[in-house]
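This report refers to the structure that appears directly beneath it.
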Amino acid sequence: TAGPGPALEVRDVTVRFGGLTALDRVSFTVPPGAIHAIIGPNGAGKSTCFNVLSGVYRATSGRVGFGGHELTAMAPHRVAGVGVARTFQNIALSHSQTVRSNLLTGRHRLTGSGFLSAGLRLPRARGEEAAHAERVREIAGFVGLREHLETEVRLLPYGIQKRVELARALAMEPRLLLLDEPVAGMTSAERRVMAELVAAVRRSLGISVLLVEHDMGIVMRLADSVTVLDFGRRIADGVPEEIQRDPAVIRAYLGA
Ligand code: ADP
Ligand code: MG
């Protein structure tokens with residue numbers, strides 16, 4: 001991959017659905033190479049924030065900058081094209097296809113965007129298909145899926161399917177990875193594997209990570225910094241140790 005990319009700068013983002021303000025002037029920054037988490041009770045606006053960043057929802061106002069790009073006005077495929085890839089809370093893989101074919105699909109979506117060819121450090125003479133195949137093998141190795149490459153996704157256990165989802169996002173050669181509840185529904189053993197993988201994505205690949213997660217243990221272990229949302233507002237922002245002690249955060253979680 002191309003190594004650490006630019007910072008993600010979210011500035012005063014507001015999203016309204018009719019009379020409901022799902023996000024109210026929310027700001028935060030994900031520095032290059034950082035793992036930043038967004039937490040908050042149900043309905044706080046976490047998924048809305050993700051959907052704005054990935055081009056699924058349009059912000060009512062505010063800006064999202066990534067390098068020279070303004071993400072708020074971009075369609076989802078263009079967001080991926082500038083190096084921001086996401087996973088979905090509900091797996092959106094092609095279940096009747098093999099792991100290999102799902103990863104190749106992730107790459108082919110980007111072909112022609114210009115970004116992917118910059119990320120491929122393989123000689124052109126080897127041919128584009130061979131280069132894609134080799135990169136898919138590397139990524140599968142990185143996430144521990146090599147033995148499952150020829151298996152149809154529907155035949156794999158849930159925890160491994162979630163790893164396929166991560167691998168498919170990595171196949172898009174992102175510089176920033178958006179993970180929506182990566183350990184939801186997993187056993188504690190599967191959670192440990194996924195947490196270690198997310199840490200490795202940052203450590204070994206230099207990819208920044210924005211994580212939405214309910215599992216506080218995972219957030220405290222993985223995140224460099226945390227933004228806490230409640231009813232669409234940012235109520236706290238800081239390192240995990242500060243966040244855990246913050247009275248407003250404790251109130252929001254206890255519903256007091
Ligand atoms: P979280 O992911 O933190 O649980 P969401 O971002 O899903 O919260 O939701 C924040 C608020 O916005 C909720 O009140 C939710 O009902 C509302 N909301 C989210 N998406 C939509 C939508 N497409 N249309 C209307 N309201 C929505
Ligand atoms: Mg959500």
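Identifiers in this document derive from the order of the structure tokens: chains are assigned A, B, ..., residues are numbered from 1 separately in each chain, and ligands are numbered from 1 in order of occurrence.
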
Around ligand 2, at most 7 Å away and counting only C-alpha atoms and all ligand atoms, which residues are there? Put them as a PyMOL selection string, please. chain A and resi 42-43+46-47

At a cut-off of 9 Å, using only C-alpha atoms, what residues contact segment 192-197 of chain A? Leave out same-chain residues fewer than 6 positions from it and give the result as a list of chain:residue names.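 That gives A:Phe142, A:Val143, A:Gly159, A:Lys162, A:Arg163, A:Pro182, A:Val183, A:Ile218, A:Arg221, A:Leu222.
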
With N, CA and C atoms retained, write the just-selected residues as a compact mmCIF listing (two decimals), in the first residue's frame.
```
# COMPACT_ATOMS: atom_id res chain seq x y z
N PHE A 142 -2.22 -11.93 4.77
CA PHE A 142 -2.14 -10.95 5.86
C PHE A 142 -3.28 -11.16 6.87
N VAL A 143 -4.49 -11.42 6.38
CA VAL A 143 -5.62 -11.59 7.30
C VAL A 143 -5.88 -13.06 7.64
N GLY A 159 -17.23 -15.50 11.96
CA GLY A 159 -16.02 -14.75 12.32
C GLY A 159 -15.05 -14.65 11.15
N LYS A 162 -16.34 -12.15 8.52
CA LYS A 162 -16.00 -10.77 8.89
C LYS A 162 -14.56 -10.43 8.48
N ARG A 163 -13.72 -11.44 8.51
CA ARG A 163 -12.33 -11.22 8.07
C ARG A 163 -12.28 -11.04 6.55
N PRO A 182 -16.69 -3.84 13.89
CA PRO A 182 -16.02 -5.02 13.33
C PRO A 182 -16.13 -6.28 14.17
N VAL A 183 -16.43 -6.18 15.47
CA VAL A 183 -16.50 -7.41 16.28
C VAL A 183 -17.93 -7.76 16.69
N ILE A 218 -12.56 -3.33 23.47
CA ILE A 218 -11.85 -3.26 22.19
C ILE A 218 -11.42 -1.83 21.90
N ARG A 221 -8.57 -0.75 24.06
CA ARG A 221 -7.31 -1.41 23.73
C ARG A 221 -6.72 -0.88 22.42
N LEU A 222 -7.59 -0.58 21.45
CA LEU A 222 -7.10 -0.27 20.09
C LEU A 222 -6.91 1.20 19.81
```

If we count only C-alpha atoms and set the cut-off at 10 Å, which residues sit around segment 64-74 of chain A, ignoring sequence neighbours fewer than 5 positions away in its own chain? Please answer as a list of chain:residue names.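 Contacts, with the query itself left out: A:Gly5, A:Pro6, A:Ala7, A:Leu8, A:Glu9, A:Val10, A:Arg11, A:Asp12, A:Val13, A:Ser27, A:Phe28, A:Thr29, A:Val30, A:Asn51, A:Val52, A:Leu53, A:Ser54, A:Gly55, A:Val56, A:Tyr57, A:Arg58, A:Ala59, A:Val79, A:Ala80, A:Val82, A:Gly83, A:Val84, A:Leu176.
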
Using only C-alpha atoms and all ligand atoms, which residues of the polymer chains come no farther than 12 Å from ligand 1? I'd like the answer as a ChimeraX atom specification. /A:14-24,38-52,56-59,88-89,180-181,211-214,227-234

Would you save the residues of that selection, restricted to C-alpha atoms, as a tab-separated table (two decimals), in the first residue's frame?
```
chain	number	residue	atom	x	y	z
A	14	THR	CA	-24.70	18.49	10.62
A	15	VAL	CA	-27.15	15.91	9.28
A	16	ARG	CA	-30.91	16.43	9.55
A	17	PHE	CA	-33.61	13.94	8.68
A	18	GLY	CA	-36.74	16.08	8.56
A	19	GLY	CA	-37.08	17.48	12.10
A	20	LEU	CA	-34.47	15.13	13.58
A	21	THR	CA	-30.89	16.31	13.95
A	22	ALA	CA	-28.86	13.08	13.74
A	23	LEU	CA	-25.52	14.96	13.83
A	24	ASP	CA	-25.16	18.45	15.25
A	38	ILE	CA	-16.42	6.88	17.64
A	39	ILE	CA	-18.54	5.60	20.50
A	40	GLY	CA	-21.91	6.53	21.96
A	41	PRO	CA	-25.25	5.06	22.99
A	42	ASN	CA	-27.76	3.74	20.43
A	43	GLY	CA	-29.10	6.51	18.22
A	44	ALA	CA	-26.14	8.79	19.00
A	45	GLY	CA	-25.35	9.27	15.28
A	46	LYS	CA	-22.41	6.89	14.81
A	47	SER	CA	-23.71	5.13	11.70
A	48	THR	CA	-24.93	8.43	10.28
A	49	CYS	CA	-21.40	9.76	10.66
A	50	PHE	CA	-20.05	6.73	8.79
A	51	ASN	CA	-22.59	7.12	6.06
A	52	VAL	CA	-21.61	10.75	5.57
A	56	VAL	CA	-23.92	7.24	1.41
A	57	TYR	CA	-25.60	10.26	3.11
A	58	ARG	CA	-25.11	13.89	2.22
A	59	ALA	CA	-24.36	16.26	5.13
A	88	PHE	CA	-20.63	-2.49	6.65
A	89	GLN	CA	-22.34	-3.40	9.92
A	180	ASP	CA	-18.47	-0.22	11.48
A	181	GLU	CA	-18.65	-2.53	14.51
A	211	LEU	CA	-13.70	2.58	14.19
A	212	VAL	CA	-17.32	2.62	15.34
A	213	GLU	CA	-17.66	0.05	18.09
A	214	HIS	CA	-19.89	-0.89	21.02
A	227	THR	CA	-14.89	10.86	20.05
A	228	VAL	CA	-18.05	10.33	22.10
A	229	LEU	CA	-21.42	11.19	20.55
A	230	ASP	CA	-24.75	11.50	22.35
A	231	PHE	CA	-27.95	12.61	20.62
A	232	GLY	CA	-25.91	13.78	17.63
A	233	ARG	CA	-23.58	15.99	19.67
A	234	ARG	CA	-19.94	15.50	20.49
```

Please return as a PyMOL selection string: the residues of segment 32-218 of chain A that backbone DSSP assigns to strand (DSSP E or B). chain A and resi 35-39+61-66+69-70+84-86+98+152+176-180+208-212

Nearest to Arg25 of chain A among A:Ser204, A:Thr60, A:Gln97, A:Gln244, with distances taken over only C-alpha atoms: which residue is it?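 Using only C-alpha atoms, Arg25 of chain A sits closest to A:Thr60.
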
Where in segment 156-250 of chain A does DSSP assign alpha helix (DSSP H), given as a PyMOL selection string? chain A and resi 158-171+188-205+216-222+240-245+247-250

Just N, CA and C atoms for this one: save the residues we selected as a compact mmCIF listing (two decimals), in the first residue's frame.
```
# COMPACT_ATOMS: atom_id res chain seq x y z
N TYR A 158 -19.06 -17.30 10.68
CA TYR A 158 -19.30 -15.86 10.73
C TYR A 158 -18.02 -15.05 10.99
N GLY A 159 -17.23 -15.50 11.96
CA GLY A 159 -16.02 -14.75 12.32
C GLY A 159 -15.05 -14.65 11.15
N ILE A 160 -15.01 -15.69 10.34
CA ILE A 160 -14.12 -15.68 9.17
C ILE A 160 -14.73 -14.83 8.05
N GLN A 161 -16.05 -14.86 7.94
CA GLN A 161 -16.70 -13.98 6.95
C GLN A 161 -16.38 -12.51 7.24
N LYS A 162 -16.34 -12.15 8.52
CA LYS A 162 -16.00 -10.77 8.89
C LYS A 162 -14.56 -10.43 8.48
N ARG A 163 -13.72 -11.44 8.51
CA ARG A 163 -12.33 -11.22 8.07
C ARG A 163 -12.28 -11.04 6.55
N VAL A 164 -13.16 -11.74 5.84
CA VAL A 164 -13.25 -11.56 4.38
C VAL A 164 -13.66 -10.12 4.08
N GLU A 165 -14.60 -9.64 4.86
CA GLU A 165 -15.07 -8.25 4.71
C GLU A 165 -13.90 -7.27 4.88
N LEU A 166 -13.10 -7.51 5.90
CA LEU A 166 -11.92 -6.67 6.14
C LEU A 166 -10.94 -6.78 4.96
N ALA A 167 -10.72 -8.02 4.51
CA ALA A 167 -9.79 -8.25 3.40
C ALA A 167 -10.28 -7.55 2.13
N ARG A 168 -11.60 -7.57 1.92
CA ARG A 168 -12.11 -6.92 0.71
C ARG A 168 -11.88 -5.41 0.76
N ALA A 169 -12.05 -4.84 1.95
CA ALA A 169 -11.76 -3.41 2.09
C ALA A 169 -10.26 -3.16 1.85
N LEU A 170 -9.40 -4.04 2.36
CA LEU A 170 -7.96 -3.88 2.14
C LEU A 170 -7.59 -4.04 0.67
N ALA A 171 -8.36 -4.85 -0.04
CA ALA A 171 -8.09 -5.07 -1.46
C ALA A 171 -8.26 -3.78 -2.26
N SER A 188 -15.74 -14.41 21.84
CA SER A 188 -14.61 -13.66 22.39
C SER A 188 -13.30 -14.06 21.71
N ALA A 189 -13.18 -15.31 21.29
CA ALA A 189 -11.97 -15.72 20.56
C ALA A 189 -11.88 -14.99 19.22
N GLU A 190 -13.02 -14.90 18.51
CA GLU A 190 -13.05 -14.19 17.22
C GLU A 190 -12.75 -12.71 17.42
N ARG A 191 -13.24 -12.14 18.53
CA ARG A 191 -12.98 -10.72 18.84
C ARG A 191 -11.49 -10.46 18.98
N ARG A 192 -10.82 -11.37 19.68
CA ARG A 192 -9.37 -11.19 19.88
C ARG A 192 -8.63 -11.20 18.55
N VAL A 193 -8.99 -12.14 17.68
CA VAL A 193 -8.34 -12.23 16.36
C VAL A 193 -8.57 -10.95 15.57
N MET A 194 -9.82 -10.47 15.57
CA MET A 194 -10.14 -9.26 14.79
C MET A 194 -9.42 -8.04 15.35
N ALA A 195 -9.37 -7.92 16.68
CA ALA A 195 -8.70 -6.78 17.29
C ALA A 195 -7.21 -6.78 16.92
N GLU A 196 -6.61 -7.96 16.96
CA GLU A 196 -5.20 -8.06 16.61
C GLU A 196 -4.98 -7.68 15.13
N LEU A 197 -5.93 -8.09 14.28
CA LEU A 197 -5.83 -7.75 12.86
C LEU A 197 -5.93 -6.25 12.62
N VAL A 198 -6.85 -5.60 13.31
CA VAL A 198 -7.00 -4.15 13.14
C VAL A 198 -5.74 -3.45 13.59
N ALA A 199 -5.17 -3.91 14.70
CA ALA A 199 -3.91 -3.33 15.17
C ALA A 199 -2.81 -3.54 14.12
N ALA A 200 -2.79 -4.72 13.50
CA ALA A 200 -1.77 -5.03 12.49
C ALA A 200 -1.96 -4.21 11.22
N VAL A 201 -3.19 -3.91 10.87
CA VAL A 201 -3.48 -3.09 9.68
C VAL A 201 -2.79 -1.74 9.82
N ARG A 202 -2.88 -1.15 11.02
CA ARG A 202 -2.24 0.12 11.26
C ARG A 202 -0.71 -0.04 11.38
N ARG A 203 -0.29 -1.04 12.18
CA ARG A 203 1.13 -1.19 12.47
C ARG A 203 1.92 -1.58 11.22
N SER A 204 1.44 -2.59 10.50
CA SER A 204 2.21 -3.14 9.38
C SER A 204 1.93 -2.45 8.05
N LEU A 205 0.68 -1.99 7.86
CA LEU A 205 0.33 -1.41 6.57
C LEU A 205 0.29 0.12 6.64
N MET A 216 -16.49 -1.69 24.49
CA MET A 216 -15.60 -0.69 25.09
C MET A 216 -14.19 -1.26 25.31
N GLY A 217 -14.12 -2.54 25.63
CA GLY A 217 -12.82 -3.16 25.86
C GLY A 217 -11.96 -3.05 24.61
N ILE A 218 -12.56 -3.33 23.47
CA ILE A 218 -11.85 -3.26 22.19
C ILE A 218 -11.42 -1.83 21.90
N VAL A 219 -12.34 -0.89 22.13
CA VAL A 219 -12.03 0.53 21.86
C VAL A 219 -10.87 0.98 22.73
N MET A 220 -10.92 0.63 24.02
CA MET A 220 -9.88 1.09 24.94
C MET A 220 -8.53 0.48 24.59
N ARG A 221 -8.57 -0.75 24.06
CA ARG A 221 -7.31 -1.41 23.73
C ARG A 221 -6.72 -0.88 22.42
N LEU A 222 -7.59 -0.58 21.45
CA LEU A 222 -7.10 -0.27 20.09
C LEU A 222 -6.91 1.20 19.81
N PRO A 240 -8.26 7.33 25.38
CA PRO A 240 -9.18 6.40 26.06
C PRO A 240 -9.23 6.56 27.58
N GLU A 241 -8.10 6.79 28.21
CA GLU A 241 -8.09 6.88 29.68
C GLU A 241 -8.92 8.07 30.17
N GLU A 242 -8.80 9.21 29.44
CA GLU A 242 -9.60 10.39 29.81
C GLU A 242 -11.09 10.12 29.61
N ILE A 243 -11.39 9.50 28.45
CA ILE A 243 -12.78 9.27 28.08
C ILE A 243 -13.48 8.40 29.12
N GLN A 244 -12.79 7.37 29.59
CA GLN A 244 -13.37 6.45 30.56
C GLN A 244 -13.74 7.14 31.87
N ARG A 245 -13.01 8.23 32.19
CA ARG A 245 -13.23 8.92 33.47
C ARG A 245 -14.15 10.13 33.31
N PRO A 247 -17.07 12.53 33.25
CA PRO A 247 -18.42 12.46 33.85
C PRO A 247 -19.55 12.49 32.81
N ALA A 248 -19.39 13.30 31.74
CA ALA A 248 -20.45 13.39 30.73
C ALA A 248 -20.60 12.06 29.99
N VAL A 249 -19.48 11.37 29.79
CA VAL A 249 -19.52 10.07 29.11
C VAL A 249 -20.19 9.04 30.00
N ILE A 250 -19.83 9.05 31.26
CA ILE A 250 -20.43 8.10 32.21
C ILE A 250 -21.94 8.33 32.28
```

Could you please determine the separation between atom CA of Ser225 of chain A and atom CA of Thr87 of chain A in Å, to one decimal place?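 Separating atom CA of Ser225 of chain A from atom CA of Thr87 of chain A is a distance of 20.3 Å.
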
Show me, as a PyMOL selection string, the residues that have an atom within 8 Å of Ala133 of chain A when counting only C-alpha atoms, minus same-chain residues fewer than 4 positions from it. chain A and resi 104+129+137

May I have the selected residues written with N, CA and C atoms, as a compact mmCIF listing (two decimals), in the first residue's frame?
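For reference, result-v2.txt as written:
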```txt
# COMPACT_ATOMS: atom_id res chain seq x y z
N LEU A 104 -11.25 -9.92 -5.54
CA LEU A 104 -10.98 -9.37 -6.88
C LEU A 104 -12.01 -8.32 -7.26
N GLU A 129 -3.91 -8.58 -14.60
CA GLU A 129 -4.62 -9.67 -13.91
C GLU A 129 -3.69 -10.42 -12.96
N ARG A 137 -3.58 -12.62 -3.11
CA ARG A 137 -2.93 -13.66 -2.30
C ARG A 137 -2.20 -13.06 -1.09
```
